[in-house]
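First comes the structure, then the notes that go with it.
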Amino acid sequence: MTALAWLRNDLRLHDNPALHAAAELQQGVIAVYVHCEAYVTRFPIAPARLDFTRRHLRLLTEELARHSISLQVLRVAQAHEIAPALAKLVQDHGISHCFFNAEYPLDELNRDQQVNQLLRAHGVTVKRCHDRVIIPPGKVRNEAGMPYKVFTPYKRKWLQLASLLPLRPLGAPTRQAAQPCPSASAQDIDRLFDGRELRDLSAHWPAGEAVARTRLQRFIAQDLSNYQTQRDLPAVAGTSGLSPYLAIGALSPRQALADVLTHTGGDWDANAGVSTWISELIWREFYQHLVVDYPQVCMHRAMQVHTEAFPWRHAPEDFALWREGRTGIPIIDAAMRQLNTTGWMHNRLRMLVAMFLSKNLQIDWRWGERYFMEQLIDGDFAANNGGWQWSASTGTDAAPYFRIFNPITQSQRFDPQGQFIREWLPELAGLSDKAIHAPHLVPSGPPPGYPAPMVDLGASRKATIALFASLGQPPESEPGMTENFPTETRSAPFRPG
Ligand SMILES: Cc1cc2nc3c(=O)[nH]c(=O)nc-3n(C[C@H](O)[C@H](O)[C@H](O)COP(=O)(O)OP(=O)(O)OC[C@H]3O[C@@H](n4cnc5c(N)ncnc54)[C@H](O)[C@@H]3O)c2cc1C
């Protein structure tokens, strides 16, 4: 009898509860990765993220083989073929147990439910573990036993609960006596992605669990203690750059937290850098938990239902200017070029470009949400949806609709010498530190080739605030858990406008 570990966005050996549990049985382990064509076609997944996964799987198959664990890779056309494909694997290899780590969006839950049912029907013991978050969904509850809607009390409760946990990451899985079958070769892995657009960003984002751990250690040693100030400066590499590794699970959040606490001798508040970074990890968990508690977000819905009435503009041409970084607002354009080139964008800039799209251009935040997923190497449904709904003031505990960032003053504050703008907009490099934030205000105007702002920031801000005000207040019960969901989920195409 063999045990199966079904790997998804948990591509690592260490601190992998599903893999660990399979290996503990000591009866031989097959790890399997399933690539579903329909899945990657329907959900926006960046070619950079797909390629990152491919490169990572190539390393993982070798690492697993060193522990005498075989990696199998399967390719299916449709989501409903995943369960039968795994059932065949189970039959072919006499598998008695199947372990996987939970993924929380609705489509993934449905997929896992189908697999669970079919494998159980084949007599397989199926176990779901939790690795995506430090505290599994459903555990962080208020006095009334309800999920939190506001981050600060959620964080307080989360910290209380986490401080009681051992937080000891699991090691690598126990070495097995023998490999049950040959492992997938590098070519087998490459073939999984045949016909898909891939984008190799290995120069920016090398693959591998070891790379992720080294980045974490370097961040802790060099940048963590100044994180609370450095994290807002896009020209400074003051954040960890770990999001792509957390997104595909090359690193677990528990490993990240445990390494920080080892460094501080167990002090969660060792300095402002430490507590601020831990807070960001908790934001990550907050959004993962929201997906479970309010699954309407998996259906292209706003958390604050009354904001669904906002009259978003159908403006594909303006959307194209935003996407291509040709808005005429330098910090926005520099940010979009960073995204389009590196597959990643600094957090402050994500907030700025998201607010600019939704509040100044009044374009539906879901257009931006989708575009981010098409580009980001760290694309993660929960964090991305949470970030967009925060910026568009449609989410729970979102930015209040009347507090709209002015991208020019933000640029002056967080990129005072225009270093970041100069890096991404060489056409503006010759401007003074003062002029670079708003070249259209210089008497001579912007340099040739650089556009004037596509929108009046002040007038659009006023108009958006008035439109939001006209929507009225959210009803008392909102946002609430939705019952009787329609069957449409995020796998159904979103029809813009
Ligand atoms: C509109 C918008 C879209 C976003 N889309 C994504 C996304 O698809 N994937 C993604 O991982 N993050 C997303 N974020 C959150 C955040 O911008 C990135 O996690 C962060 O910039 C990653 O850089 P880092 O690893 O250097 O972060 P650090 O500052 O070093 O933070 C450490 C980790 O904490 C988590 N984290 C940090 N900030 C946030 C946050 N605000 N919300 C949730 N988790 C956070 C990330 O996992 C990050 O790697 C989005 C934010 C916004 C405003």
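Order determines the names: the first chain of the structure tokens is A, the second B, and so forth; residues in each chain are numbered 1 upward, and ligands are numbered 1 upward as they are shown.
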
Environment of ligand 1 within 7 Å, counting only C-alpha atoms and all ligand atoms, reported as a PyMOL selection string = chain A and resi 231+239-244+246-247+277+280-281+283-284+287+345-348+350-351+354+372-373+376+378-381+383-388+391

How would the residues just chosen look if you wrote them out with N, CA, C and O atoms as a short mmCIF file (atom, residue, chain, number, x, y, z; two decimals), in the first residue's frame?
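result.cif, written as the output of this step:
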```cif
data_model
loop_
_atom_site.label_atom_id
_atom_site.label_comp_id
_atom_site.auth_asym_id
_atom_site.auth_seq_id
_atom_site.Cartn_x
_atom_site.Cartn_y
_atom_site.Cartn_z
N ARG A 231 9.36 49.96 4.31
CA ARG A 231 8.37 49.23 3.49
C ARG A 231 7.54 50.16 2.62
O ARG A 231 6.88 49.72 1.69
N THR A 239 11.30 45.47 1.63
CA THR A 239 10.34 44.42 2.01
C THR A 239 10.98 43.07 1.68
O THR A 239 12.04 43.01 1.06
N SER A 240 10.30 42.01 2.08
CA SER A 240 10.96 40.70 2.00
C SER A 240 11.04 40.13 0.58
O SER A 240 11.88 39.29 0.29
N GLY A 241 10.13 40.53 -0.30
CA GLY A 241 10.08 39.93 -1.63
C GLY A 241 9.75 38.44 -1.57
O GLY A 241 10.11 37.67 -2.47
N LEU A 242 9.01 38.05 -0.56
CA LEU A 242 8.70 36.62 -0.39
C LEU A 242 7.34 36.23 -0.96
O LEU A 242 7.01 35.03 -1.00
N SER A 243 6.56 37.22 -1.40
CA SER A 243 5.18 36.88 -1.81
C SER A 243 5.09 35.82 -2.90
O SER A 243 4.23 34.94 -2.80
N PRO A 244 5.97 35.80 -3.91
CA PRO A 244 5.84 34.73 -4.91
C PRO A 244 6.06 33.34 -4.28
O PRO A 244 5.42 32.36 -4.68
N LEU A 246 5.54 32.53 -1.08
CA LEU A 246 4.37 32.18 -0.25
C LEU A 246 3.20 31.78 -1.14
O LEU A 246 2.43 30.89 -0.80
N ALA A 247 3.07 32.43 -2.30
CA ALA A 247 1.93 32.14 -3.18
C ALA A 247 1.96 30.71 -3.70
O ALA A 247 0.93 30.03 -3.72
N TRP A 277 5.91 43.68 10.49
CA TRP A 277 5.98 42.58 9.49
C TRP A 277 5.02 41.45 9.87
O TRP A 277 4.32 40.91 9.02
N GLU A 280 1.66 42.22 8.78
CA GLU A 280 1.39 41.96 7.35
C GLU A 280 1.07 40.49 7.12
O GLU A 280 0.21 40.15 6.32
N LEU A 281 1.78 39.63 7.84
CA LEU A 281 1.45 38.19 7.72
C LEU A 281 0.02 37.95 8.19
O LEU A 281 -0.69 37.09 7.67
N TRP A 283 -2.46 40.21 8.00
CA TRP A 283 -3.35 40.68 6.92
C TRP A 283 -3.56 39.56 5.91
O TRP A 283 -4.65 39.34 5.40
N ARG A 284 -2.45 38.88 5.62
CA ARG A 284 -2.53 37.77 4.66
C ARG A 284 -3.54 36.74 5.14
O ARG A 284 -4.38 36.26 4.39
N TYR A 287 -7.29 37.90 4.95
CA TYR A 287 -7.92 37.76 3.63
C TYR A 287 -8.21 36.29 3.29
O TYR A 287 -9.21 35.99 2.66
N MET A 345 4.78 44.08 -7.92
CA MET A 345 4.67 45.52 -7.66
C MET A 345 4.72 45.75 -6.16
O MET A 345 4.19 44.95 -5.38
N HIS A 346 5.37 46.84 -5.81
CA HIS A 346 5.49 47.23 -4.40
C HIS A 346 4.09 47.48 -3.81
O HIS A 346 3.20 48.01 -4.48
N ASN A 347 3.91 47.12 -2.53
CA ASN A 347 2.58 47.20 -1.92
C ASN A 347 1.97 48.60 -1.97
O ASN A 347 0.80 48.76 -2.31
N ARG A 348 2.74 49.63 -1.63
CA ARG A 348 2.16 50.99 -1.64
C ARG A 348 1.69 51.34 -3.04
O ARG A 348 0.65 51.96 -3.23
N ARG A 350 0.71 49.19 -5.30
CA ARG A 350 -0.52 48.43 -5.62
C ARG A 350 -1.73 49.22 -5.14
O ARG A 350 -2.74 49.31 -5.83
N MET A 351 -1.61 49.79 -3.92
CA MET A 351 -2.74 50.57 -3.40
C MET A 351 -2.99 51.80 -4.28
O MET A 351 -4.13 52.13 -4.59
N ALA A 354 -4.44 50.86 -7.74
CA ALA A 354 -5.80 50.31 -7.59
C ALA A 354 -6.79 51.44 -7.28
O ALA A 354 -7.89 51.48 -7.83
N PHE A 372 -4.27 42.21 -12.59
CA PHE A 372 -3.19 41.87 -11.65
C PHE A 372 -2.93 40.35 -11.68
O PHE A 372 -1.78 39.91 -11.72
N MET A 373 -4.01 39.56 -11.65
CA MET A 373 -3.81 38.11 -11.65
C MET A 373 -3.15 37.64 -12.95
O MET A 373 -2.42 36.65 -12.97
N LEU A 376 0.73 39.08 -12.15
CA LEU A 376 1.53 38.93 -10.93
C LEU A 376 2.14 37.54 -10.78
O LEU A 376 1.44 36.53 -10.89
N ASP A 378 3.14 36.69 -7.94
CA ASP A 378 2.67 36.29 -6.61
C ASP A 378 1.14 36.26 -6.55
O ASP A 378 0.56 36.29 -5.45
N GLY A 379 0.48 36.22 -7.73
CA GLY A 379 -0.98 36.26 -7.75
C GLY A 379 -1.59 35.26 -6.78
O GLY A 379 -1.32 34.06 -6.85
N ASP A 380 -2.37 35.78 -5.86
CA ASP A 380 -3.03 34.93 -4.88
C ASP A 380 -4.46 35.47 -4.77
O ASP A 380 -4.65 36.66 -4.49
N PHE A 381 -5.44 34.61 -5.01
CA PHE A 381 -6.81 35.09 -5.11
C PHE A 381 -7.22 35.89 -3.88
O PHE A 381 -7.75 37.01 -3.99
N ALA A 383 -5.45 37.41 -1.35
CA ALA A 383 -4.73 38.66 -1.10
C ALA A 383 -5.07 39.70 -2.17
O ALA A 383 -5.22 40.89 -1.87
N ASN A 384 -5.21 39.24 -3.40
CA ASN A 384 -5.48 40.17 -4.49
C ASN A 384 -6.89 40.73 -4.39
O ASN A 384 -7.10 41.94 -4.47
N ASN A 385 -7.85 39.85 -4.17
CA ASN A 385 -9.22 40.32 -4.01
C ASN A 385 -9.33 41.25 -2.81
O ASN A 385 -9.95 42.31 -2.87
N GLY A 386 -8.69 40.87 -1.70
CA GLY A 386 -8.70 41.70 -0.50
C GLY A 386 -8.10 43.07 -0.77
O GLY A 386 -8.65 44.09 -0.38
N GLY A 387 -6.96 43.09 -1.46
CA GLY A 387 -6.28 44.36 -1.76
C GLY A 387 -7.12 45.25 -2.67
O GLY A 387 -7.20 46.46 -2.47
N TRP A 388 -7.75 44.63 -3.65
CA TRP A 388 -8.58 45.44 -4.58
C TRP A 388 -9.83 45.95 -3.89
O TRP A 388 -10.22 47.10 -4.07
N SER A 391 -8.90 48.84 -1.66
CA SER A 391 -8.59 50.06 -2.40
C SER A 391 -9.85 50.69 -3.00
O SER A 391 -9.97 51.92 -3.07
#
```

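When the distance limit is 7 Å and only C-alpha atoms are what count, the residues near A:Pro47, minus those fewer than 6 positions from it on the same chain, are Glu197, Leu198 and Arg199 of chain A.
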
Take the residues from that selection and write them out as a PDB file, in the first residue's frame, keeping C-alpha atoms.
```pdb
ATOM      1  CA  GLU A 197       2.243  31.074 -22.611  1.00  0.00           C
ATOM      2  CA  LEU A 198       5.103  31.016 -20.105  1.00  0.00           C
ATOM      3  CA  ARG A 199       7.224  33.928 -18.985  1.00  0.00           C
TER       4      ARG A 199
END
```

For A:Ser70, find every residue with an atom within 7 Å (counting only C-alpha atoms), except residues of its own chain fewer than 6 positions away, and show them as a PDB file with C-alpha atoms, in the first residue's frame.
```
ATOM      1  CA  VAL A  29       4.897   7.901  -1.004  1.00  0.00           C
ATOM      2  CA  ILE A  30       3.823   9.189  -4.373  1.00  0.00           C
ATOM      3  CA  ALA A  31       3.455  12.944  -4.639  1.00  0.00           C
ATOM      4  CA  LEU A  64      11.612  14.398  -3.463  1.00  0.00           C
ATOM      5  CA  GLN A 179      10.557   4.916  -4.510  1.00  0.00           C
ATOM      6  CA  PRO A 180       7.229   3.342  -5.523  1.00  0.00           C
ATOM      7  CA  CYS A 181       7.674   4.371  -9.179  1.00  0.00           C
ATOM      8  CA  PRO A 182       9.993   6.501 -11.302  1.00  0.00           C
ATOM      9  CA  SER A 183       9.732  10.266 -10.796  1.00  0.00           C
TER      10      SER A 183
END
```

Which residues in stretch 93-259 of chain A does DSSP call alpha helix (DSSP H)? List them as a PyMOL selection string.
-> chain A and resi 93+106-121+151-162+186-192+209-222+227-230+243-248+253-259

Got a sec: who's within 10 Å of A:Phe99, counting only C-alpha atoms, leaving out chain neighbours fewer than 2 positions off, as a ChimeraX atom specification?
-> /A:3-7,17-22,31,97,101-102,116,125-129

Export, as a compact mmCIF listing (two decimals), in the first residue's frame, the selected residues with C-alpha atoms.
```
# COMPACT_ATOMS: atom_id res chain seq x y z
CA ALA A 3 0.33 6.95 0.40
CA LEU A 4 -0.46 9.82 -1.93
CA ALA A 5 0.40 13.48 -1.28
CA TRP A 6 -1.49 15.70 -3.71
CA LEU A 7 0.57 18.89 -4.09
CA PRO A 17 1.72 18.79 6.63
CA ALA A 18 0.21 16.70 3.81
CA LEU A 19 3.56 15.39 2.60
CA HIS A 20 4.72 14.87 6.14
CA ALA A 21 1.60 12.86 7.06
CA ALA A 22 1.96 10.68 3.96
CA ALA A 31 3.45 12.94 -4.64
CA HIS A 97 -4.27 7.10 1.86
CA ASN A 101 -3.32 20.81 2.11
CA ALA A 102 -6.49 22.89 1.95
CA ASN A 116 -12.66 13.35 -1.59
CA THR A 125 -8.65 7.35 3.46
CA VAL A 126 -8.57 11.04 2.55
CA LYS A 127 -7.22 13.70 4.89
CA ARG A 128 -7.18 17.46 4.45
CA CYS A 129 -4.43 19.35 6.30
```

Please return as a count of residues only: the residues of stretch 46-271 of chain A that backbone DSSP assigns to strand (DSSP E or B).
-> 22

The residue from A:Ser444, A:Gln417, A:Gln338, A:Gln26 with the smallest atom-to-atom distance to A:His204, counting only C-alpha atoms, is A:Gln338

From A:Pro448, A:Gly249, A:Pro474, A:Gly138, residue lying nearest A:Thr53 [only C-alpha atoms] =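 Comparing A:Pro448, A:Gly249, A:Pro474, A:Gly138 against A:Thr53, the winner is A:Gly249.
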
Find the residue from A:Ile329, A:Ala210, A:Leu425, A:Leu352 that sits nearest to A:Asp232; use only C-alpha atoms when measuring.
-> A:Leu352
